[in-house]
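Have a look at work21.cif; it's mmCIF, C-alpha atoms:
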```
data_query
#
loop_
_atom_site.group_PDB
_atom_site.id
_atom_site.type_symbol
_atom_site.label_atom_id
_atom_site.label_comp_id
_atom_site.auth_asym_id
_atom_site.auth_seq_id
_atom_site.Cartn_x
_atom_site.Cartn_y
_atom_site.Cartn_z
ATOM 1 C CA MET A 125 7.534 -16.315 38.310
ATOM 2 C CA LYS A 126 8.093 -16.790 42.057
ATOM 3 C CA GLU A 127 4.401 -17.008 42.908
ATOM 4 C CA ALA A 128 3.621 -19.499 40.174
ATOM 5 C CA ASP A 129 6.556 -21.627 41.242
ATOM 6 C CA THR A 130 4.902 -22.121 44.590
ATOM 7 C CA ILE A 131 1.904 -23.823 42.982
ATOM 8 C CA ASP A 132 1.964 -27.524 43.542
ATOM 9 C CA ALA A 133 2.012 -28.943 40.003
ATOM 10 C CA THR A 134 0.183 -32.137 40.964
ATOM 11 C CA LEU A 135 -2.496 -30.265 42.839
ATOM 12 C CA PHE A 136 -2.880 -27.838 39.944
ATOM 13 C CA ARG A 137 -3.310 -30.692 37.474
ATOM 14 C CA GLU A 138 -5.792 -32.473 39.728
ATOM 15 C CA GLN A 139 -7.865 -29.319 40.114
ATOM 16 C CA GLU A 140 -7.806 -28.782 36.366
ATOM 17 C CA GLU A 141 -8.934 -32.335 35.679
ATOM 18 C CA GLN A 142 -11.723 -32.071 38.209
ATOM 19 C CA LEU A 143 -13.057 -28.841 36.734
ATOM 20 C CA GLN A 144 -12.551 -30.088 33.203
ATOM 21 C CA SER A 145 -14.826 -32.983 33.999
ATOM 22 C CA MET A 146 -17.526 -30.682 35.418
ATOM 23 C CA PHE A 147 -17.306 -28.254 32.519
ATOM 24 C CA SER A 148 -17.570 -31.073 29.999
ATOM 25 C CA ALA A 149 -21.322 -30.727 30.562
ATOM 26 C CA PHE A 150 -21.082 -27.624 28.351
ATOM 27 C CA GLU A 151 -20.043 -29.540 25.252
ATOM 28 C CA ASP A 152 -23.523 -29.273 23.759
ATOM 29 C CA GLU A 153 -23.139 -25.490 23.623
ATOM 30 C CA LEU A 154 -20.172 -25.854 21.322
ATOM 31 C CA GLN A 155 -22.207 -27.127 18.401
ATOM 32 C CA PRO A 156 -22.668 -24.667 15.503
ATOM 33 C CA ASN A 157 -25.921 -22.718 15.647
ATOM 34 C CA PRO A 158 -27.159 -22.301 12.034
ATOM 35 C CA GLU A 159 -29.591 -19.518 12.917
ATOM 36 C CA ARG A 160 -26.958 -17.313 14.549
ATOM 37 C CA ILE A 161 -24.482 -18.074 11.774
ATOM 38 C CA GLU A 162 -26.951 -16.982 9.089
ATOM 39 C CA LYS A 163 -27.764 -13.832 11.047
ATOM 40 C CA THR A 164 -24.077 -12.926 11.179
ATOM 41 C CA MET A 165 -23.650 -13.655 7.464
ATOM 42 C CA SER A 166 -26.643 -11.413 6.654
ATOM 43 C CA ASN A 167 -25.197 -8.597 8.752
ATOM 44 C CA LEU A 168 -21.888 -9.018 7.033
ATOM 45 C CA ARG A 169 -23.384 -8.786 3.550
ATOM 46 C CA PHE A 170 -25.653 -5.934 4.602
ATOM 47 C CA GLY A 171 -22.685 -3.973 5.964
ATOM 48 C CA GLU A 172 -20.691 -4.501 2.789
ATOM 49 C CA VAL A 173 -23.535 -3.453 0.497
ATOM 50 C CA VAL A 174 -23.918 -0.194 2.439
ATOM 51 C CA GLU A 175 -20.166 0.375 2.350
ATOM 52 C CA GLU A 176 -19.957 -0.198 -1.409
ATOM 53 C CA SER A 177 -22.945 2.010 -2.151
ATOM 54 C CA THR A 178 -21.496 4.935 -0.212
ATOM 55 C CA GLU A 179 -17.985 4.768 -1.606
ATOM 56 C CA PHE A 180 -18.626 7.379 -4.269
ATOM 57 C CA MET A 181 -20.220 9.903 -1.889
ATOM 58 C CA GLY A 182 -18.648 12.762 0.027
ATOM 59 C CA GLU A 183 -17.262 12.375 3.545
ATOM 60 C CA GLY A 184 -20.157 14.078 5.342
ATOM 61 C CA VAL A 185 -22.766 12.000 3.576
ATOM 62 C CA ASN A 186 -20.662 8.924 4.147
ATOM 63 C CA ALA A 187 -20.436 9.496 7.893
ATOM 64 C CA GLY A 188 -24.195 10.023 8.126
ATOM 65 C CA LEU A 189 -24.954 6.924 6.133
ATOM 66 C CA SER A 190 -22.462 4.894 8.080
ATOM 67 C CA GLU A 191 -24.212 5.858 11.315
ATOM 68 C CA LEU A 192 -27.548 5.033 9.751
ATOM 69 C CA ALA A 193 -26.175 1.658 8.625
ATOM 70 C CA ASN A 194 -25.012 0.921 12.169
ATOM 71 C CA LYS A 195 -28.436 1.728 13.549
ATOM 72 C CA LEU A 196 -30.190 -0.316 10.885
ATOM 73 C CA GLY A 197 -27.788 -3.157 11.529
ATOM 74 C CA LYS A 198 -28.686 -3.117 15.212
ATOM 75 C CA LEU A 199 -32.392 -3.089 14.424
ATOM 76 C CA TRP A 200 -31.835 -5.941 11.983
ATOM 77 C CA ARG A 201 -30.058 -7.965 14.644
ATOM 78 C CA LYS A 202 -32.917 -7.451 17.064
ATOM 79 C CA LYS A 203 -35.334 -8.974 14.555
ATOM 80 C CA MET B 74 -4.281 -26.327 19.788
ATOM 81 C CA SER B 75 -3.281 -28.947 17.240
ATOM 82 C CA GLU B 76 -1.047 -28.142 14.299
ATOM 83 C CA ALA B 77 -3.649 -29.608 11.949
ATOM 84 C CA GLN B 78 -6.262 -27.191 13.262
ATOM 85 C CA THR B 79 -3.890 -24.244 12.889
ATOM 86 C CA ASP B 80 -3.179 -25.276 9.289
ATOM 87 C CA ALA B 81 -6.879 -25.674 8.575
ATOM 88 C CA ASP B 82 -7.507 -22.176 9.998
ATOM 89 C CA ALA B 83 -4.705 -20.713 7.883
ATOM 90 C CA GLU B 84 -6.173 -22.259 4.755
ATOM 91 C CA LEU B 85 -9.654 -21.003 5.602
ATOM 92 C CA ILE B 86 -8.348 -17.510 6.291
ATOM 93 C CA SER B 87 -6.634 -17.298 2.933
ATOM 94 C CA ARG B 88 -9.868 -18.447 1.258
ATOM 95 C CA CYS B 89 -11.829 -15.849 3.254
ATOM 96 C CA LEU B 90 -9.725 -13.131 1.660
ATOM 97 C CA GLU B 91 -10.879 -14.129 -1.818
ATOM 98 C CA GLN B 92 -13.423 -11.843 -3.457
ATOM 99 C CA GLY B 93 -17.081 -12.734 -3.860
ATOM 100 C CA ASP B 94 -18.961 -15.857 -2.879
ATOM 101 C CA ALA B 95 -15.869 -18.001 -2.344
ATOM 102 C CA GLY B 96 -14.729 -15.611 0.386
ATOM 103 C CA TYR B 97 -18.155 -15.601 2.008
ATOM 104 C CA GLU B 98 -18.409 -19.371 1.963
ATOM 105 C CA ALA B 99 -15.003 -19.697 3.591
ATOM 106 C CA PHE B 100 -16.047 -17.215 6.253
ATOM 107 C CA ARG B 101 -19.190 -19.234 6.876
ATOM 108 C CA GLU B 102 -16.929 -22.239 7.521
ATOM 109 C CA LEU B 103 -14.889 -20.205 9.963
ATOM 110 C CA LEU B 104 -18.121 -19.227 11.710
ATOM 111 C CA LYS B 105 -19.200 -22.869 11.914
ATOM 112 C CA ARG B 106 -15.922 -23.672 13.560
ATOM 113 C CA TYR B 107 -15.827 -20.893 16.156
ATOM 114 C CA GLU B 108 -19.199 -19.160 16.505
ATOM 115 C CA ALA B 109 -20.575 -21.414 19.224
ATOM 116 C CA MET B 110 -17.368 -21.129 21.210
ATOM 117 C CA VAL B 111 -17.437 -17.327 20.950
ATOM 118 C CA TYR B 112 -21.105 -17.229 21.974
ATOM 119 C CA ALA B 113 -20.614 -19.572 24.935
ATOM 120 C CA THR B 114 -17.685 -17.433 26.086
ATOM 121 C CA SER B 115 -19.502 -14.114 25.573
ATOM 122 C CA ILE B 116 -22.611 -15.146 27.455
ATOM 123 C CA ARG B 117 -20.578 -15.962 30.551
ATOM 124 C CA ILE B 118 -18.425 -12.861 30.469
ATOM 125 C CA VAL B 119 -21.211 -10.417 29.565
ATOM 126 C CA GLY B 120 -23.878 -12.251 31.555
ATOM 127 C CA ASP B 121 -26.816 -11.531 29.282
ATOM 128 C CA ARG B 122 -27.994 -13.693 26.395
ATOM 129 C CA HIS B 123 -29.124 -10.908 24.059
ATOM 130 C CA GLU B 124 -26.032 -8.775 24.666
ATOM 131 C CA ALA B 125 -23.829 -11.838 24.206
ATOM 132 C CA GLU B 126 -25.396 -12.462 20.820
ATOM 133 C CA GLU B 127 -24.613 -8.890 19.802
ATOM 134 C CA VAL B 128 -21.044 -9.165 21.057
ATOM 135 C CA CYS B 129 -20.689 -12.417 19.177
ATOM 136 C CA GLN B 130 -21.830 -10.787 15.948
ATOM 137 C CA ASP B 131 -19.643 -7.740 16.508
ATOM 138 C CA THR B 132 -16.700 -10.064 17.063
ATOM 139 C CA PHE B 133 -17.126 -11.748 13.700
ATOM 140 C CA LEU B 134 -17.841 -8.507 11.867
ATOM 141 C CA LYS B 135 -14.609 -7.121 13.293
ATOM 142 C CA VAL B 136 -12.737 -10.301 12.448
ATOM 143 C CA HIS B 137 -13.990 -10.111 8.873
ATOM 144 C CA GLN B 138 -13.032 -6.470 8.645
ATOM 145 C CA LYS B 139 -9.538 -7.028 10.073
ATOM 146 C CA LEU B 140 -8.766 -10.417 8.623
ATOM 147 C CA SER B 141 -6.414 -9.027 6.008
ATOM 148 C CA THR B 142 -4.294 -7.528 8.801
ATOM 149 C CA PHE B 143 -3.956 -10.839 10.678
ATOM 150 C CA GLU B 144 -0.255 -11.615 10.532
ATOM 151 C CA GLY B 145 -0.290 -15.035 12.115
ATOM 152 C CA ARG B 146 2.055 -14.056 14.962
ATOM 153 C CA SER B 147 -0.350 -15.798 17.310
ATOM 154 C CA SER B 148 -2.811 -18.514 16.391
ATOM 155 C CA PHE B 149 -6.055 -17.411 14.766
ATOM 156 C CA LYS B 150 -7.933 -18.734 17.805
ATOM 157 C CA THR B 151 -5.931 -16.521 20.167
ATOM 158 C CA TRP B 152 -6.393 -13.512 17.885
ATOM 159 C CA LEU B 153 -10.139 -14.170 17.641
ATOM 160 C CA PHE B 154 -10.577 -14.493 21.388
ATOM 161 C CA ARG B 155 -8.516 -11.414 22.101
ATOM 162 C CA ILE B 156 -10.956 -9.453 19.943
ATOM 163 C CA ASN B 157 -13.918 -11.195 21.555
ATOM 164 C CA TYR B 158 -12.619 -10.710 25.098
ATOM 165 C CA ASN B 159 -12.052 -6.980 24.549
ATOM 166 C CA LEU B 160 -15.528 -6.554 23.079
ATOM 167 C CA CYS B 161 -17.067 -8.490 26.001
ATOM 168 C CA ILE B 162 -15.316 -6.315 28.572
ATOM 169 C CA SER B 163 -16.243 -3.143 26.770
ATOM 170 C CA ARG B 164 -19.906 -4.243 26.499
ATOM 171 C CA ARG B 165 -20.009 -5.216 30.168
ATOM 172 C CA ARG B 166 -18.663 -1.793 31.153
ATOM 173 C CA LYS B 167 -21.215 -0.007 28.996
ATOM 174 C CA LEU B 168 -24.002 -2.057 30.535
ATOM 175 C CA ALA B 169 -22.779 -1.330 34.030
ATOM 176 C CA LYS B 170 -22.686 2.383 33.249
ATOM 177 C CA LYS B 171 -26.202 2.344 31.922
ATOM 178 C CA ASN B 172 -27.299 0.390 34.982
ATOM 179 C CA LEU B 173 -29.120 -1.916 32.655
ATOM 180 C CA HIS B 174 -27.180 -4.797 33.986
ATOM 181 C CA THR B 175 -26.550 -5.105 37.667
ATOM 182 C CA GLU B 176 -26.391 -8.823 38.189
ATOM 183 C CA PHE B 177 -25.569 -11.810 36.084
ATOM 184 C CA GLU B 178 -28.709 -12.989 34.363
ATOM 185 C CA GLU B 179 -28.930 -16.276 36.204
ATOM 186 C CA ASP B 180 -31.109 -17.970 33.652
ATOM 187 C CA ALA B 181 -29.006 -16.619 30.767
ATOM 188 C CA VAL B 182 -27.682 -20.029 30.002
ATOM 189 C CA SER B 183 -29.318 -22.488 32.283
ATOM 190 C CA GLY B 184 -32.747 -22.061 30.647
ATOM 191 C CA ASP B 185 -31.350 -23.324 27.367
ATOM 192 C CA ALA B 186 -29.408 -25.958 29.194
ATOM 193 C CA VAL B 187 -32.441 -27.455 30.825
ATOM 194 C CA ASN B 188 -34.532 -27.347 27.631
ATOM 195 C CA SER B 189 -31.947 -29.079 25.553
ATOM 196 C CA PHE B 190 -31.113 -31.670 28.137
ATOM 197 C CA ASN B 191 -34.371 -33.226 29.205
ATOM 198 C CA ALA B 192 -32.946 -36.554 28.164
ATOM 199 C CA ASP B 193 -29.911 -36.129 30.326
ATOM 200 C CA GLN B 194 -31.005 -34.520 33.548
ATOM 201 C CA LYS B 195 -27.851 -35.279 35.423
ATOM 202 C CA ARG B 196 -25.767 -33.466 32.864
ATOM 203 C CA ALA B 197 -28.185 -30.538 32.801
ATOM 204 C CA ALA B 198 -28.030 -30.342 36.578
ATOM 205 C CA THR B 199 -24.232 -30.283 36.540
ATOM 206 C CA LYS B 200 -24.267 -27.567 33.932
ATOM 207 C CA GLU B 201 -26.739 -25.506 35.884
ATOM 208 C CA SER B 202 -24.837 -25.852 39.128
ATOM 209 C CA VAL B 203 -21.579 -24.879 37.406
ATOM 210 C CA ASP B 204 -23.263 -21.832 35.882
ATOM 211 C CA VAL B 205 -24.704 -20.782 39.228
ATOM 212 C CA THR B 206 -21.301 -21.163 40.854
ATOM 213 C CA LEU B 207 -19.639 -19.187 38.069
ATOM 214 C CA SER B 208 -22.163 -16.391 38.441
ATOM 215 C CA ASN B 209 -21.241 -16.043 42.125
ATOM 216 C CA LEU B 210 -17.538 -15.584 41.419
ATOM 217 C CA SER B 211 -15.649 -12.350 40.744
ATOM 218 C CA GLU B 212 -15.555 -11.182 37.111
ATOM 219 C CA SER B 213 -11.860 -11.976 36.949
ATOM 220 C CA ASP B 214 -12.317 -15.560 38.189
ATOM 221 C CA LYS B 215 -15.297 -16.093 35.914
ATOM 222 C CA GLU B 216 -13.350 -14.851 32.887
ATOM 223 C CA ILE B 217 -10.334 -17.067 33.328
ATOM 224 C CA LEU B 218 -12.374 -20.176 34.116
ATOM 225 C CA THR B 219 -14.529 -19.550 31.054
ATOM 226 C CA LEU B 220 -11.512 -19.096 28.798
ATOM 227 C CA ARG B 221 -9.881 -22.245 30.169
ATOM 228 C CA PHE B 222 -12.778 -24.671 30.487
ATOM 229 C CA ILE B 223 -15.467 -23.444 28.092
ATOM 230 C CA THR B 224 -13.447 -21.762 25.350
ATOM 231 C CA GLY B 225 -10.788 -24.419 25.804
ATOM 232 C CA LEU B 226 -7.752 -22.151 25.562
ATOM 233 C CA SER B 227 -4.378 -23.344 26.796
ATOM 234 C CA LEU B 228 -2.561 -21.418 29.535
ATOM 235 C CA ASN B 229 -0.281 -19.864 26.911
ATOM 236 C CA GLU B 230 -3.267 -18.724 24.870
ATOM 237 C CA ILE B 231 -4.993 -17.330 27.977
ATOM 238 C CA ALA B 232 -1.855 -15.396 28.875
ATOM 239 C CA ASP B 233 -1.886 -13.932 25.375
ATOM 240 C CA VAL B 234 -5.587 -13.028 25.402
ATOM 241 C CA LEU B 235 -5.453 -11.453 28.875
ATOM 242 C CA ASP B 236 -2.076 -9.861 28.225
ATOM 243 C CA LEU B 237 -0.471 -11.560 31.221
ATOM 244 C CA SER B 238 2.769 -13.417 31.743
ATOM 245 C CA LEU B 239 2.430 -17.190 31.722
ATOM 246 C CA SER B 240 3.160 -17.406 35.448
ATOM 247 C CA ALA B 241 0.595 -14.719 36.261
ATOM 248 C CA ALA B 242 -2.010 -16.519 34.149
ATOM 249 C CA LYS B 243 -1.230 -19.773 35.920
ATOM 250 C CA MET B 244 -1.541 -18.172 39.333
ATOM 251 C CA ARG B 245 -4.799 -16.468 38.406
ATOM 252 C CA LEU B 246 -6.236 -19.727 37.123
ATOM 253 C CA TYR B 247 -5.098 -21.567 40.232
ATOM 254 C CA ARG B 248 -6.799 -19.035 42.498
ATOM 255 C CA ALA B 249 -9.924 -19.053 40.368
ATOM 256 C CA MET B 250 -10.116 -22.848 40.530
ATOM 257 C CA ASN B 251 -9.825 -22.692 44.302
ATOM 258 C CA SER B 252 -12.541 -20.040 44.515
ATOM 259 C CA PHE B 253 -14.755 -22.120 42.254
ATOM 260 C CA LYS B 254 -14.281 -25.219 44.364
ATOM 261 C CA LYS B 255 -14.942 -23.316 47.578
ATOM 262 C CA GLU B 256 -18.052 -21.650 46.160
ATOM 263 C CA HIS B 257 -19.324 -24.841 44.602
ATOM 264 C CA THR B 258 -19.254 -26.711 47.888
ATOM 265 C CA SER B 259 -20.486 -23.831 50.021
ATOM 266 C CA PRO B 260 -23.902 -24.272 51.666
ATOM 267 C CA THR B 261 -25.114 -20.939 50.193
ATOM 268 C CA SER B 262 -24.308 -22.072 46.690
ATOM 269 C CA GLN B 263 -25.980 -25.402 47.278
ATOM 270 C CA SER B 264 -29.136 -23.778 48.570
ATOM 271 C CA ASN B 265 -29.215 -21.320 45.629
ATOM 272 C CA GLN B 266 -29.081 -24.248 43.281
ATOM 273 C CA GLY B 267 -31.819 -25.973 45.196
ATOM 274 C CA GLU B 268 -34.087 -22.958 44.868
ATOM 275 C CA LYS B 269 -33.784 -22.840 41.092
#
```

Just dump the structure as structure tokens.
Amino acid sequence: MKEADTIDATLFREQEEQLQSMFSAFEDELQPNPERIEKTMSNLRFGEVVEESTEFMGEGVNAGLSELANKLGKLWRKK
Amino acid sequence: MSEAQTDADAELISRCLEQGDAGYEAFRELLKRYEAMVYATSIRIVGDRHEAEEVCQDTFLKVHQKLSTFEGRSSFKTWLFRINYNLCISRRRKLAKKNLHTEFEEDAVSGDAVNSFNADQKRAATKESVDVTLSNLSESDKEILTLRFITGLSLNEIADVLDLSLSAAKMRLYRAMNSFKKEHTSPTSQSNQGEK
């Protein structure tokens, strides 16, 4: 706590405000990106389908399929 | 973070836990609310657009998987960014090990910035110069400035995400702001920006 106490509160606030103003240029990046959102939703559904379809299988098969699903998922994302 | 936003998150989370399409639709809403923020944060911590996209997806897949275990001890936003931050750091380490990534991909963000801001060149220029300055800072400075000014976390939330005390987070942010200011006004930084 000692170190932080030595920070001049006014100076800290001024610095924050100054940087805040510069970083406000990034606001456009904070808009939802439909393409990325749909990609994530597809991956989510894909992952769940694989999980459901392997539930009834043995552990060894499950582990293999899970690895395969991960790899396919990565390939899918690269599309 | 406003109380209204926290309440809205809580409501969305409980809807996400419903079975079937209702759950998916609620999760899509959660994505709309946070995905861009997670991506903008990831790209600056990981330093590579493609890897950041993967980290962003991994973050939400993990969130979906773990959502039922979220106890609400911290805000959802803090919980989400703790997951995201850890995945970013882990990805950055893996990249460093593989030597696939040695330097921040300087055009990782600024390319998009310039394309989408032809109509507002001054703003695009500010954004580019801030990104160049950020890329010249230490990883630690870059992380805390990103979490504060791009992700928009409060000091308390940053302390939680980085697992620091509030005073340590404040000191780290203070030092990072000073480094940023120094770097931003340095002649080297100015000339780098001029070359781009």

Between atom CA of B:Leu160 and atom CA of B:Lys243 - distance in Å to one decimal: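 It comes out at 23.3 Å.
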
Using all atoms listed in the file, find each residue of chain A with at least one atom at most 7 Å away from an atom of chain B; report its shortest atom-to-atom pair and that distance in Å (one decimal), sort the rows by chain and rising residue number, and return the result as a Markdown table.
```
| residue | atom | partner | partner_atom | distance |
| --- | --- | --- | --- | --- |
| A:Met125 | CA | B:Ser240 | CA | 5.3 |
| A:Ala128 | CA | B:Ser240 | CA | 5.2 |
| A:Phe136 | CA | B:Tyr247 | CA | 6.7 |
| A:Gln139 | CA | B:Met250 | CA | 6.9 |
| A:Gln144 | CA | B:Phe222 | CA | 6.1 |
| A:Met146 | CA | B:Thr199 | CA | 6.8 |
| A:Phe147 | CA | B:Phe222 | CA | 6.1 |
| A:Ala149 | CA | B:Lys200 | CA | 5.5 |
| A:Phe150 | CA | B:Lys200 | CA | 6.4 |
| A:Glu153 | CA | B:Ala109 | CA | 6.5 |
| A:Leu154 | CA | B:Ala109 | CA | 4.9 |
| A:Gln155 | CA | B:Ala109 | CA | 6.0 |
| A:Pro156 | CA | B:Lys105 | CA | 5.3 |
| A:Asn157 | CA | B:Ala109 | CA | 6.6 |
| A:Ile161 | CA | B:Leu104 | CA | 6.5 |
| A:Thr164 | CA | B:Gln130 | CA | 5.7 |
| A:Leu168 | CA | B:Leu134 | CA | 6.3 |
```

query: Between atom CA of B:Asp94 and atom CA of A:Gly171, what is the distance, to one decimal in Å?
result: 15.3 Å

field: From B:Asn229, B:Glu212, B:Ser141, B:Ile116, residue lying nearest B:Ala249 [all atoms listed in the file]
entry: B:Glu212

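The coordinates place atom CA of B:Leu228 at 15.3 Å from atom CA of B:Tyr158.
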
- prompt: In terms of the shortest atom-to-atom distance over all atoms listed in the file, which of B:Thr258, B:Ser211, B:Thr206, B:Asn157 is closest to B:Leu235?
  reply: B:Asn157
